[in-house]
>>> print(open('final06.txt').read())   # compact mmCIF, C-alpha atoms and all ligand atoms
# COMPACT_ATOMS: atom_id res chain seq x y z
CA MET O 1 -26.09 22.96 23.49
CA ASN O 2 -27.45 25.16 20.68
CA ILE O 3 -26.74 24.89 16.97
CA LYS O 4 -23.96 27.46 16.98
CA GLU O 5 -22.20 25.75 19.90
CA ALA O 6 -22.63 22.35 18.26
CA TRP O 7 -21.12 23.63 15.02
CA MET O 8 -18.08 25.01 16.86
CA TRP O 9 -17.68 21.79 18.83
CA LEU O 10 -17.94 19.58 15.72
CA LYS O 11 -15.61 21.80 13.72
CA ALA O 12 -12.96 21.74 16.47
CA GLU O 13 -13.22 17.96 16.86
CA LEU O 14 -12.91 17.37 13.11
CA ALA O 15 -10.05 19.84 12.74
CA ALA O 16 -8.24 18.07 15.58
CA ASN O 17 -8.44 14.95 13.40
CA ASN O 18 -6.79 16.82 10.52
CA ILE O 19 -9.94 16.83 8.45
CA ASP O 20 -9.44 19.70 5.96
CA SER O 21 -13.13 20.27 5.38
CA ALA O 22 -13.90 20.53 9.13
CA ALA O 23 -16.14 23.62 8.88
CA LEU O 24 -18.15 22.28 5.95
CA ASP O 25 -18.41 18.77 7.40
CA ALA O 26 -19.61 20.20 10.72
CA SER O 27 -22.52 21.96 9.06
CA LEU O 28 -23.32 18.92 6.91
CA LEU O 29 -23.44 16.70 10.01
CA LEU O 30 -25.77 19.23 11.61
CA GLU O 31 -27.88 19.24 8.45
CA LYS O 32 -28.11 15.46 8.48
CA VAL O 33 -29.36 15.42 12.07
CA THR O 34 -31.50 18.60 12.27
CA LEU O 35 -32.60 18.72 8.61
CA LEU O 36 -31.71 22.42 8.64
CA ASN O 37 -29.46 23.55 5.79
CA ARG O 38 -26.50 25.88 6.36
CA VAL O 39 -28.55 29.05 5.90
CA GLN O 40 -31.27 27.81 8.26
CA GLN O 41 -28.63 26.77 10.79
CA ILE O 42 -27.31 30.35 10.83
CA ALA O 43 -30.80 31.81 11.06
CA HIS O 44 -31.68 29.51 13.99
CA ASP O 45 -28.27 29.21 15.60
CA ASP O 46 -29.70 29.60 19.12
CA ARG O 47 -32.08 26.65 18.71
CA SER O 48 -31.27 23.99 21.32
CA LEU O 49 -30.42 20.50 20.20
CA LEU O 50 -32.57 17.66 21.47
CA ASP O 51 -30.86 14.88 23.42
CA LYS O 52 -31.62 12.51 20.57
CA GLU O 53 -30.00 14.86 18.05
CA LEU O 54 -26.93 15.24 20.22
CA ARG O 55 -26.53 11.47 20.53
CA GLU O 56 -26.86 11.09 16.75
CA LEU O 57 -24.25 13.80 16.21
CA GLN O 58 -21.83 12.05 18.57
CA GLU O 59 -22.26 8.82 16.58
CA LEU O 60 -21.74 10.53 13.22
CA LEU O 61 -18.76 12.48 14.50
CA LYS O 62 -17.13 9.27 15.66
CA LYS O 63 -17.65 7.67 12.24
CA ARG O 64 -16.28 10.73 10.46
CA GLN O 65 -13.26 10.85 12.77
CA GLN O 66 -12.53 7.26 11.77
CA GLY O 67 -12.42 8.41 8.14
CA TYR O 68 -15.88 7.33 7.04
CA PRO O 69 -16.64 9.45 3.93
CA MET O 70 -19.06 12.38 4.12
CA ALA O 71 -20.71 11.16 0.91
CA TYR O 72 -21.77 7.90 2.62
CA ILE O 73 -22.90 9.76 5.76
CA MET O 74 -25.05 12.14 3.72
CA GLY O 75 -26.07 9.41 1.26
CA PHE O 76 -25.40 11.50 -1.82
CA LYS O 77 -22.67 13.09 -3.92
CA GLU O 78 -22.80 15.71 -6.66
CA PHE O 79 -21.43 14.75 -10.06
CA TYR O 80 -21.66 16.89 -13.19
CA GLY O 81 -24.40 18.96 -11.59
CA LEU O 82 -26.48 15.91 -10.63
CA LYS O 83 -27.21 14.89 -7.07
CA LEU O 84 -26.57 11.15 -6.96
CA LYS O 85 -27.45 8.69 -4.24
CA VAL O 86 -24.37 6.77 -3.09
CA THR O 87 -24.04 3.87 -0.65
CA PRO O 88 -21.10 1.73 0.47
CA ALA O 89 -22.03 -0.49 -2.51
CA THR O 90 -20.97 2.27 -4.91
CA LEU O 91 -17.74 4.10 -5.56
CA ILE O 92 -18.06 7.78 -4.65
CA PRO O 93 -17.99 9.72 -7.94
CA ARG O 94 -14.85 11.88 -8.32
CA PRO O 95 -14.46 15.25 -10.06
CA ASP O 96 -11.65 13.65 -12.13
CA THR O 97 -14.24 11.49 -13.88
CA GLU O 98 -15.83 14.66 -15.26
CA THR O 99 -12.85 14.74 -17.66
CA LEU O 100 -14.29 11.68 -19.38
CA VAL O 101 -17.78 13.22 -19.56
CA ASP O 102 -16.45 16.55 -20.89
CA HIS O 103 -14.47 14.88 -23.63
CA PHE O 104 -17.30 12.57 -24.58
CA LEU O 105 -19.57 15.60 -25.05
CA SER O 106 -16.98 17.24 -27.30
CA LEU O 107 -17.06 14.19 -29.63
CA ASN O 108 -20.68 14.86 -30.68
CA ILE O 109 -21.61 11.20 -30.50
CA ARG O 110 -25.16 10.14 -31.32
CA GLY O 111 -26.73 6.70 -30.94
CA SER O 112 -26.15 3.93 -28.43
CA VAL O 113 -23.77 4.43 -25.52
CA LEU O 114 -22.70 1.74 -23.05
CA ASP O 115 -21.21 2.41 -19.59
CA LEU O 116 -19.54 -0.66 -18.08
CA GLY O 117 -19.31 -0.95 -14.29
CA THR O 118 -21.57 2.04 -13.81
CA GLY O 119 -21.51 2.16 -9.97
CA SER O 120 -23.88 4.95 -8.88
CA GLY O 121 -24.54 5.60 -12.59
CA ALA O 122 -22.50 8.81 -12.55
CA ILE O 123 -21.08 8.72 -16.09
CA ILE O 124 -24.09 7.42 -17.99
CA LEU O 125 -26.54 9.63 -16.09
CA ALA O 126 -24.42 12.73 -16.74
CA LEU O 127 -24.27 11.83 -20.44
CA LYS O 128 -27.99 11.10 -20.68
CA HIS O 129 -28.80 14.31 -18.81
CA GLU O 130 -26.69 16.33 -21.24
CA LEU O 131 -27.58 14.56 -24.47
CA LYS O 132 -31.19 13.53 -23.80
CA ASP O 133 -32.72 11.82 -26.85
CA LYS O 134 -29.52 12.12 -28.86
CA ILE O 135 -28.33 8.92 -27.20
CA LYS O 136 -29.79 5.61 -26.11
CA ALA O 137 -28.10 4.80 -22.82
CA TYR O 138 -27.08 1.37 -21.52
CA ALA O 139 -25.22 0.55 -18.30
CA THR O 140 -23.96 -2.56 -16.55
CA ASP O 141 -22.65 -3.47 -13.16
CA VAL O 142 -21.52 -6.81 -11.77
CA CYS O 143 -23.07 -6.17 -8.36
CA GLU O 144 -26.82 -6.26 -7.88
CA SER O 145 -26.94 -3.90 -4.89
CA THR O 146 -24.84 -1.39 -6.84
CA LEU O 147 -27.05 -1.62 -9.92
CA LYS O 148 -30.08 -0.93 -7.72
CA VAL O 149 -28.57 2.37 -6.62
CA ALA O 150 -27.88 3.36 -10.24
CA GLN O 151 -31.45 2.43 -11.19
CA GLU O 152 -32.80 4.49 -8.32
CA ASN O 153 -30.73 7.47 -9.44
CA ALA O 154 -31.99 7.16 -13.02
CA LYS O 155 -35.58 6.97 -11.85
CA ARG O 156 -35.33 9.94 -9.50
CA LEU O 157 -33.63 12.05 -12.16
CA ASN O 158 -36.12 10.87 -14.75
CA LEU O 159 -33.39 9.68 -17.11
CA GLU O 160 -33.93 6.66 -19.30
CA VAL O 161 -31.13 4.11 -19.07
CA GLU O 162 -31.28 0.38 -19.77
CA PHE O 163 -29.49 -1.42 -16.92
CA LEU O 164 -28.08 -4.91 -17.03
CA LEU O 165 -26.43 -7.08 -14.40
CA SER O 166 -23.26 -8.21 -16.13
CA ASP O 167 -19.62 -8.98 -15.48
CA TRP O 168 -18.22 -6.63 -18.16
CA PHE O 169 -19.61 -8.03 -21.42
CA SER O 170 -20.71 -11.45 -20.12
CA ASN O 171 -24.51 -10.88 -20.20
CA LEU O 172 -24.63 -8.51 -23.15
CA LYS O 173 -26.36 -9.55 -26.34
CA PRO O 174 -24.18 -9.17 -29.44
CA LEU O 175 -25.05 -5.49 -29.85
CA LYS O 176 -22.84 -2.87 -31.49
CA PHE O 177 -22.55 0.49 -29.76
CA ASP O 178 -21.71 3.97 -31.02
CA ALA O 179 -19.48 4.43 -27.96
CA ILE O 180 -18.38 2.53 -24.86
CA VAL O 181 -17.19 4.22 -21.67
CA SER O 182 -15.95 2.92 -18.34
CA ASN O 183 -14.32 3.92 -15.08
CA PRO O 184 -13.15 0.42 -14.12
CA PRO O 185 -11.12 -0.61 -11.07
CA TYR O 186 -7.49 0.22 -11.78
CA ILE O 187 -5.59 0.39 -8.49
CA ASP O 188 -2.78 -2.08 -7.73
CA GLU O 189 -3.61 -4.20 -4.69
CA ASN O 190 -0.35 -3.09 -3.05
CA ASP O 191 -0.96 0.62 -3.61
CA ALA O 192 -0.67 2.49 -0.30
CA HIS O 193 -3.51 4.84 -1.37
CA LEU O 194 -5.96 2.05 -0.60
CA HIS O 195 -5.41 2.79 3.09
CA GLU O 196 -6.03 6.51 2.71
CA THR O 197 -8.97 8.95 2.65
CA SER O 198 -12.25 7.38 1.55
CA LEU O 199 -10.75 4.33 -0.18
CA PRO O 200 -10.82 1.88 2.78
CA PHE O 201 -14.60 2.37 2.96
CA GLU O 202 -15.37 1.99 -0.76
CA PRO O 203 -16.08 -1.31 -2.54
CA ARG O 204 -12.78 -3.02 -3.22
CA GLN O 205 -14.22 -4.49 -6.39
CA ALA O 206 -14.65 -0.96 -7.74
CA LEU O 207 -11.06 0.00 -6.92
CA VAL O 208 -8.63 -2.89 -7.24
CA SER O 209 -7.66 -4.84 -10.32
CA ASP O 210 -5.03 -7.49 -10.99
CA GLU O 211 -1.95 -7.10 -13.20
CA HIS O 212 -0.80 -4.06 -11.18
CA GLY O 213 -4.21 -2.48 -11.67
CA LEU O 214 -4.26 -2.96 -15.45
CA GLY O 215 -6.27 -6.21 -15.58
CA ALA O 216 -9.76 -4.78 -16.08
CA LEU O 217 -8.52 -2.05 -18.46
CA THR O 218 -6.82 -4.66 -20.64
CA THR O 219 -9.91 -6.90 -20.68
CA LEU O 220 -12.11 -3.96 -21.67
CA ILE O 221 -9.78 -2.86 -24.48
CA ARG O 222 -9.64 -6.40 -25.90
CA GLU O 223 -13.32 -7.28 -25.55
CA ALA O 224 -14.87 -3.93 -26.48
CA LYS O 225 -13.82 -4.31 -30.10
CA ALA O 226 -16.58 -6.89 -30.67
CA TYR O 227 -19.21 -4.47 -29.31
CA LEU O 228 -18.16 -1.25 -31.06
CA LYS O 229 -19.36 -0.11 -34.46
CA ASP O 230 -16.66 0.84 -36.97
CA LYS O 231 -14.98 4.13 -35.98
CA ALA O 232 -16.78 4.12 -32.60
CA PRO O 233 -14.72 5.18 -29.58
CA LEU O 234 -13.82 3.50 -26.29
CA LEU O 235 -13.13 5.94 -23.44
CA LEU O 236 -11.49 4.62 -20.28
CA GLU O 237 -10.58 6.25 -17.02
CA HIS O 238 -7.32 5.01 -15.50
CA GLY O 239 -4.62 5.80 -12.94
CA TYR O 240 -2.30 8.81 -13.25
CA ASN O 241 0.62 6.54 -14.14
CA GLN O 242 -1.16 4.17 -16.54
CA GLY O 243 -1.60 6.36 -19.64
CA CYS O 244 1.39 4.92 -21.44
CA GLU O 245 0.38 1.27 -20.84
CA VAL O 246 -3.24 1.89 -21.79
CA ARG O 247 -2.27 3.68 -25.03
CA LYS O 248 0.08 0.84 -25.87
CA THR O 249 -2.61 -1.80 -25.30
CA MET O 250 -5.10 0.16 -27.42
CA LEU O 251 -2.59 0.51 -30.26
CA ASP O 252 -1.63 -3.18 -30.03
CA GLU O 253 -5.33 -4.05 -30.28
CA GLY O 254 -5.70 -1.95 -33.42
CA TYR O 255 -7.51 1.14 -32.13
CA SER O 256 -6.79 4.38 -33.99
CA HIS O 257 -6.49 8.06 -32.96
CA VAL O 258 -5.44 6.93 -29.48
CA GLN O 259 -4.92 9.80 -27.05
CA THR O 260 -4.69 10.44 -23.32
CA LEU O 261 -6.43 13.32 -21.55
CA LYS O 262 -5.46 15.01 -18.31
CA ASP O 263 -7.68 15.52 -15.27
CA LEU O 264 -8.14 18.79 -13.36
CA GLY O 265 -4.92 18.10 -11.43
CA GLY O 266 -2.94 17.80 -14.68
CA ASN O 267 -2.51 14.01 -14.42
CA ASP O 268 -3.15 11.46 -17.17
CA ARG O 269 -6.66 10.21 -16.43
CA VAL O 270 -8.59 9.13 -19.54
CA THR O 271 -7.45 7.35 -22.68
CA LEU O 272 -9.58 6.89 -25.77
CA GLY O 273 -9.25 5.18 -29.09
CA PHE O 274 -11.50 4.39 -32.05
CA ARG O 275 -12.24 0.92 -33.37
CA ASN O 276 -10.85 0.57 -36.87
N1 LIG O 301 -9.97 7.48 -9.04
C1 LIG O 301 -10.17 6.70 -7.87
C2 LIG O 301 -9.08 6.96 -6.87
O1 LIG O 301 -7.91 6.85 -7.20
C3 LIG O 301 -10.25 5.23 -8.17
C4 LIG O 301 -11.39 4.91 -9.04
C5 LIG O 301 -11.20 3.63 -9.78
O2 LIG O 301 -10.44 2.74 -9.39
N2 LIG O 301 -11.87 3.52 -10.85
O3 LIG O 301 -9.35 7.29 -5.75
>>> encode(input="final06.txt", output="structure tokens", more="lines below")
Ligand code: GLN
Amino acid sequence: MNIKEAWMWLKAELAANNIDSAALDASLLLEKVTLLNRVQQIAHDDRSLLDKELRELQELLKKRQQGYPMAYIMGFKEFYGLKLKVTPATLIPRPDTETLVDHFLSLNIRGSVLDLGTGSGAIILALKHELKDKIKAYATDVCESTLKVAQENAKRLNLEVEFLLSDWFSNLKPLKFDAIVSNPPYIDENDAHLHETSLPFEPRQALVSDEHGLGALTTLIREAKAYLKDKAPLLLEHGYNQGCEVRKTMLDEGYSHVQTLKDLGGNDRVTLGFRN
């Protein structure tokens, strides 16, 4: 089988499994195995696959057909123009989270910025990449293997971030930040989405929270006040149906200028407020 035939075979198999991105995934799988990018695959489409490559492709195809995410197969995901390493220990960064980054940049914040539950490091690395020396970046995660991935991303991208293993604020010194951001777990454990798309393969700890998904958000809103300078903002990503609850909790906790922002799909996605 040559590259062209393999691409057609993979595409047909993926499409038969109702995978929307069948054509793209087929060339990515080929790239993973042959190390030829899409352009090179077209240029060398009559190159025969080795038996070993064919066996590898069959394995990867099987995984993909079972729903295993392309980002974990390839080992990376793009976020805010950065190529980030991802593993099953990290949530796969979503375009919706760029809403938080965009709005943060519009606030013209300078000084210390803390990202809680950083995962692959997506948010803090995007901010550091954009703002360079205008901010001093800090990030935590509760999981050591996750934090390692974030650290690796920072190193490869040559971005300076201070990482700390911490369950939310538990290991933080009593510092005061100029801003705190987080994309915490916010899905209800009974939400049917957990069985769909990439979610069954992602770390549950990064997805699911108690109190119908609001547990971590509520903890962050309450505890962040002690770590924010006066007038410093807290920006939180949340579920499409949680804007009202999150605004209410922020207002109850005394934050000011509380507002909710919409993601690219027009859903409530990020709420922010400023410590009084
Ligand atoms: N936005 C993700 C999803 O719904 C969940 C991310 C999170 O829980 N922080 O797929």
>>> closest_residue(input="final06.txt", among="O:Asn276, O:Ser198, O:Asn18, O:Asn190", to="ligand LIG 301 (chain O)", atoms="only C-alpha atoms and all ligand atoms")
O:Ser198
>>> residues_near_ligand(input="final06.txt", ligand="ligand LIG 301 (chain O)", cutoff="6 Å", atoms="all atoms listed in the file", output="list in words")
Asn183, Pro184, Pro185, Tyr186, Ile187, Ala206 and Leu207 of chain O
>>> atom_distance(input="final06.txt", atom1="atom CA of O:Gly254", atom2="atom CA of O:Thr271")
14.3 Å
>>> atom_distance(input="final06.txt", atom1="atom CA of O:Asp268", atom2="atom CA of O:Asp96")
10.1 Å
>>> closest_residue(input="final06.txt", among="O:Ile19, O:Thr87, O:Leu100, O:Ile135", to="O:Leu147", atoms="only C-alpha atoms")
O:Thr87
>>> closest_residue(input="final06.txt", among="O:Lys128, O:Lys85, O:Lys262, O:His257", to="O:Lys148", atoms="only C-alpha atoms")
O:Lys85
>>> atom_distance(input="final06.txt", atom1="atom CA of O:Val86", atom2="atom CA of O:Met74")
8.7 Å
